[in-house]
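Student: Structure provided below as structure tokens; questions to follow.
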Amino acid sequence: MLLLIMATMVISIAAPLHTKAADDLTGHPYEKEMRELMELGIITGYDDGSIRPEREVTRAEFAKMVILSFELGTDAASAEFKSAAVASNTTGLTASFKDVPMDKWFYNPIMQAAEAGIVTGYPDNTFGPNDPITREQMATMVSRALTAKGYTLTAGKVGYVSQDSINQIPEVMKKGQSYYEASQYGSLIHYLYNHSTGKTVSMGVIGKAPAQMAVGKKYYSWDGANFTDETGNKVTEAHQYFNKLPLYTPSNYSAQELDKFLVDLFPYYNKLQAGKTWTTSPLAGTGKFFKEMESTYKVNALYLMAHAIHESGWGTSKIAQDKFNLYGYGAVDADPYNGAYSYATFRESIEYAAQKINANYHTVTASYYNGSVLGHKGVGMNVRYASDPFWGEKIAGHMYRADINLGGKDINKMALGETTTSGLNFRKDASTLYAPLYKLEMAGIPAVIKGTVQAASNGATWYNVQSENKLYNDAFVHGAYLRELPTAK
């Protein structure tokens with residue numbers, strides 16, 4: 001069942017909730033997956049017998065899919081799940097929304113989802129049942145459903161999928177494999193191999209190559225940090241600094257230096273891009289906005305710039321030019337241009353992004369929090385911000401390339417560590433005398449290490465770290481529960 005709901009997340013942008021006939025589904029790329037969901041009664045189609053597989057899914061429709069997939073809507077199931085609402089939903093089991101009337105088909109599934117703690121609605125007490133659902137909202141519903149069923153999502157955990165969903169390739173028949181290489185300039189390049197097409201695509205420079213890597217050799221890694229050679233022997237563990245850097249830390253670059261990069265390295269001078277030939281860099285002059293938002297919202301300016309470059313094609317995309325939208329907010333897959341939010345200026349777009357990222361991804365109690373780092377599908381913003389498993393790697397690559405070009409003022413300037421256990425409390429000093437400042441529910445969350453101290457009571461070593469809760473500068477954690485993180489150098 002877990003496999004099917006994860007498949008639903010992938011296909012739900014193109015799968016409606018009500019269907020009986022299969023005429024318009026035959027030949028669709030996700031026909032097999034959708035038919036499995038139909039057989040289970042999770043999607044049932046429209047009254048006219050159509051499926052409409054290209055229609056976008058609404059929040060109400062996906063809420064019903066989750067309730068049915070995890071069997072959270074029946075009386076029998078209600079006695080089994082641990083409600084995720086207990087800790088976060090102050091309304092308990094009496095949730096209601098102004099725009100969810102009792103006479104609508106979606107009333108029961110939405111109320112069941114609210115009672116299970118899977119949905120909480122908007123601050124104005126609305127749910128938006130007919131709004132197109134975003135990927136981050138889908139990921140959050142699934143994560144909360146897993147919690148309601150007693151599962152814990154933890155970085156590095158082993159997961160299971162049906163054997164019917166995996167094409168096993170014997171070692172002797174393997175034609176290729178994704179790998180990493182060190183360039184002659186000391187950078188790390190990631191190459192992705194597609195077993196279906198037999199083609200290898202370069203992800204480009206993603207960071208610094210570990211010193212243990214030799215130029216011209218292939219290295220392999222499942223997490224981008226632990227590398228083996230072609231014989232399977234471990235070479236090194238070396239994390240990419242910008243991928244694991246907590247983004248509440250400020251960049252050492254000034255607004256003028258960021259602008260210099262945006263002008264000097266703009267890749268489309270005198271080239272046709274997004275229907276226009278460019279003679280100037282459209283992001284020139286935005287350095288002061290990135291630094292302003294860094295100061296106001298405590299979101300790293302180099303990251304904000306890299307994210308904008310990645311999402312807007314250096315400011316050349318149509319929604320960036322027509323709507324000053326640098327981060328793609330509102331650009332749902334079904335109609336990205338018309339759905340994209342409009343802003344009056346680039347500054348307004350940057351502020352909106354910094355505010356949302358700070359509130360939703362860099363706040364320990366937020367719904368989308370998995371660590372204030374870019375990360376991957378196990379930890380960080382990449383868990384819920386984007387479906388692309390290499391989204392965090394790509395933006396970290398932009399940060400690395402900018403840093404190298406501007407003189408290397410940021411890379412490896414801070415010592416990093418990561419938590420080794422879940423439910424870890426961080427304190428105001430090297431003791432347990434006071435209530436925790438905050439708790440990190442997941443293991444593997446990176447932190448900036450400022451130093452070590454010995455506890456006055458027993459001499460035990462504690463780490464002094466930059467607080468993940470932005471209300472405080474410093475926090476302390478027992479040395480047994482934080483390990484120093486080796487980064488590529």
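Identifiers for the structure tokens are assigned positionally: chains receive A, B, ... in sequence, residues are indexed from 1 per chain, and ligands are indexed from 1 in the order shown.
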Within 10 Å of stretch 461-470 of chain A, counting only C-alpha atoms, which residues show up once you throw out same-chain ones fewer than 5 positions away? Write them as an MDAnalysis selection string, please.
Tutor: chainID A and resid 246:249 297:298 358 362:365 371:372 415:417 426:431 437:440 445:456 475:484
Student: Taking 3 positions as the minimum chain separation for residues in the same chain, which residues sit within 9 Å of A:Thr58 when counting only C-alpha atoms? Answer as JSON, numbers by chain.
Tutor: {"A": [13, 16, 61, 62, 63, 128, 129, 130, 131, 132, 133, 134]}
Student: For a quick check of understanding, using only C-alpha atoms, which of A:Pro389, A:Gly275, A:Gly287, A:Pro250 has the smallest distance to A:Val263?
Tutor: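 Of the candidates, the smallest distance to A:Val263 is held by A:Gly287.
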Student: Report as a list in words: the residues of stretch 91-214 of chain A with a DSSP assignment of strand (DSSP E), based on the backbone of this structure.
Tutor: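 Answer for stretch 91-214 of chain A restricted to strand (DSSP E) is Tyr179, Tyr180, Glu181, Ala182, Ser187, Leu188, Ile189, His190, Tyr191, Leu192, Tyr193, Asn194, Lys199, Thr200, Val201, Ser202, Met203, Gly204, Val205, Ile206, Gly207 and Lys208 of chain A.
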Student: Quick one: residues within 10 Å of stretch 220-237 of chain A, only C-alpha atoms, excluding same-chain residues fewer than 4 positions away - as a PyMOL selection string?
Tutor: chain A and resi 156+177-181+190+206+210-213+243+375-378+393+485-488
Student: DSSP on the backbone: what in stretch 105-265 of chain A comes out alpha helix (DSSP H), as a PDB file with C-alpha atoms, in the first residue's frame?
Tutor:
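Produced file selection14.pdb, reproduced below:
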```pdb
ATOM      1  CA  TYR A 107     -16.864  16.692   3.068  1.00  0.00           C
ATOM      2  CA  ASN A 108     -16.256  13.235   4.595  1.00  0.00           C
ATOM      3  CA  PRO A 109     -12.748  12.587   3.217  1.00  0.00           C
ATOM      4  CA  ILE A 110     -11.558  16.078   4.161  1.00  0.00           C
ATOM      5  CA  MET A 111     -12.975  15.786   7.682  1.00  0.00           C
ATOM      6  CA  GLN A 112     -11.426  12.317   8.018  1.00  0.00           C
ATOM      7  CA  ALA A 113      -8.089  13.700   6.831  1.00  0.00           C
ATOM      8  CA  ALA A 114      -8.330  16.571   9.320  1.00  0.00           C
ATOM      9  CA  GLU A 115      -9.186  14.207  12.185  1.00  0.00           C
ATOM     10  CA  ARG A 135       3.953  18.596  -4.820  1.00  0.00           C
ATOM     11  CA  GLU A 136       4.955  19.879  -1.389  1.00  0.00           C
ATOM     12  CA  GLN A 137       1.345  19.601  -0.190  1.00  0.00           C
ATOM     13  CA  MET A 138       1.189  16.026  -1.521  1.00  0.00           C
ATOM     14  CA  ALA A 139       4.434  15.126   0.215  1.00  0.00           C
ATOM     15  CA  THR A 140       3.196  16.605   3.483  1.00  0.00           C
ATOM     16  CA  MET A 141      -0.096  14.668   3.394  1.00  0.00           C
ATOM     17  CA  VAL A 142       1.750  11.406   2.730  1.00  0.00           C
ATOM     18  CA  SER A 143       4.308  12.106   5.461  1.00  0.00           C
ATOM     19  CA  ARG A 144       1.545  12.809   7.987  1.00  0.00           C
ATOM     20  CA  ALA A 145      -0.335   9.693   6.892  1.00  0.00           C
ATOM     21  CA  LEU A 146       2.803   7.641   7.521  1.00  0.00           C
ATOM     22  CA  THR A 147       3.027   9.190  10.985  1.00  0.00           C
ATOM     23  CA  ALA A 148      -0.643   8.396  11.632  1.00  0.00           C
ATOM     24  CA  TYR A 241      29.637  21.591   1.957  1.00  0.00           C
ATOM     25  CA  PHE A 242      26.917  23.659   0.323  1.00  0.00           C
ATOM     26  CA  ASN A 243      24.535  20.705   0.213  1.00  0.00           C
ATOM     27  CA  LYS A 244      24.839  20.195   3.988  1.00  0.00           C
ATOM     28  CA  ALA A 255      25.772  42.653  -2.456  1.00  0.00           C
ATOM     29  CA  GLN A 256      28.378  44.097  -4.837  1.00  0.00           C
ATOM     30  CA  GLU A 257      30.181  40.766  -5.106  1.00  0.00           C
ATOM     31  CA  LEU A 258      26.950  38.908  -5.845  1.00  0.00           C
ATOM     32  CA  ASP A 259      26.148  41.455  -8.549  1.00  0.00           C
ATOM     33  CA  LYS A 260      29.598  40.983 -10.038  1.00  0.00           C
ATOM     34  CA  PHE A 261      28.947  37.272 -10.378  1.00  0.00           C
ATOM     35  CA  LEU A 262      25.499  37.855 -11.908  1.00  0.00           C
ATOM     36  CA  VAL A 263      27.017  40.168 -14.524  1.00  0.00           C
ATOM     37  CA  ASP A 264      30.327  38.476 -15.251  1.00  0.00           C
TER      38      ASP A 264
END
```
Student: What are the closest atom pairs, with distances in Å to one decimal, for each residue of stretch 272-312 of chain A lying within 10 Å of stretch 335-347 of chain A, using only C-alpha atoms, rows by chain and rising residue number, as JSON lines?
Tutor:
```
{"residue": "A:Pro282", "atom": "CA", "partner": "A:Phe346", "partner_atom": "CA", "distance": 9.9}
{"residue": "A:Leu283", "atom": "CA", "partner": "A:Phe346", "partner_atom": "CA", "distance": 8.4}
{"residue": "A:Gly285", "atom": "CA", "partner": "A:Phe346", "partner_atom": "CA", "distance": 9.9}
{"residue": "A:Thr286", "atom": "CA", "partner": "A:Arg347", "partner_atom": "CA", "distance": 7.3}
{"residue": "A:Gly287", "atom": "CA", "partner": "A:Arg347", "partner_atom": "CA", "distance": 9.9}
{"residue": "A:Lys288", "atom": "CA", "partner": "A:Arg347", "partner_atom": "CA", "distance": 9.0}
{"residue": "A:Phe289", "atom": "CA", "partner": "A:Arg347", "partner_atom": "CA", "distance": 5.8}
{"residue": "A:Phe290", "atom": "CA", "partner": "A:Arg347", "partner_atom": "CA", "distance": 8.3}
{"residue": "A:Glu292", "atom": "CA", "partner": "A:Arg347", "partner_atom": "CA", "distance": 9.4}
{"residue": "A:Met293", "atom": "CA", "partner": "A:Arg347", "partner_atom": "CA", "distance": 9.1}
```
Student: Atom CA of A:Pro123 and atom CA of A:Ala366, how far apart in Å?
Tutor: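 Computed distance, atom CA of A:Ala366 to atom CA of A:Pro123, equals 13.8 Å.
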Student: Please determine, counting only C-alpha atoms, which residue among A:Glu348, A:Phe106, A:Val383, A:Ile169 has the shortest atom-to-atom distance to A:Ser367.
Tutor: A:Val383
Student: Please report the interatomic distance between atom CA of A:Ala359 and atom CA of A:Ala320 in Å with one decimal.
Tutor: 23.2 Å
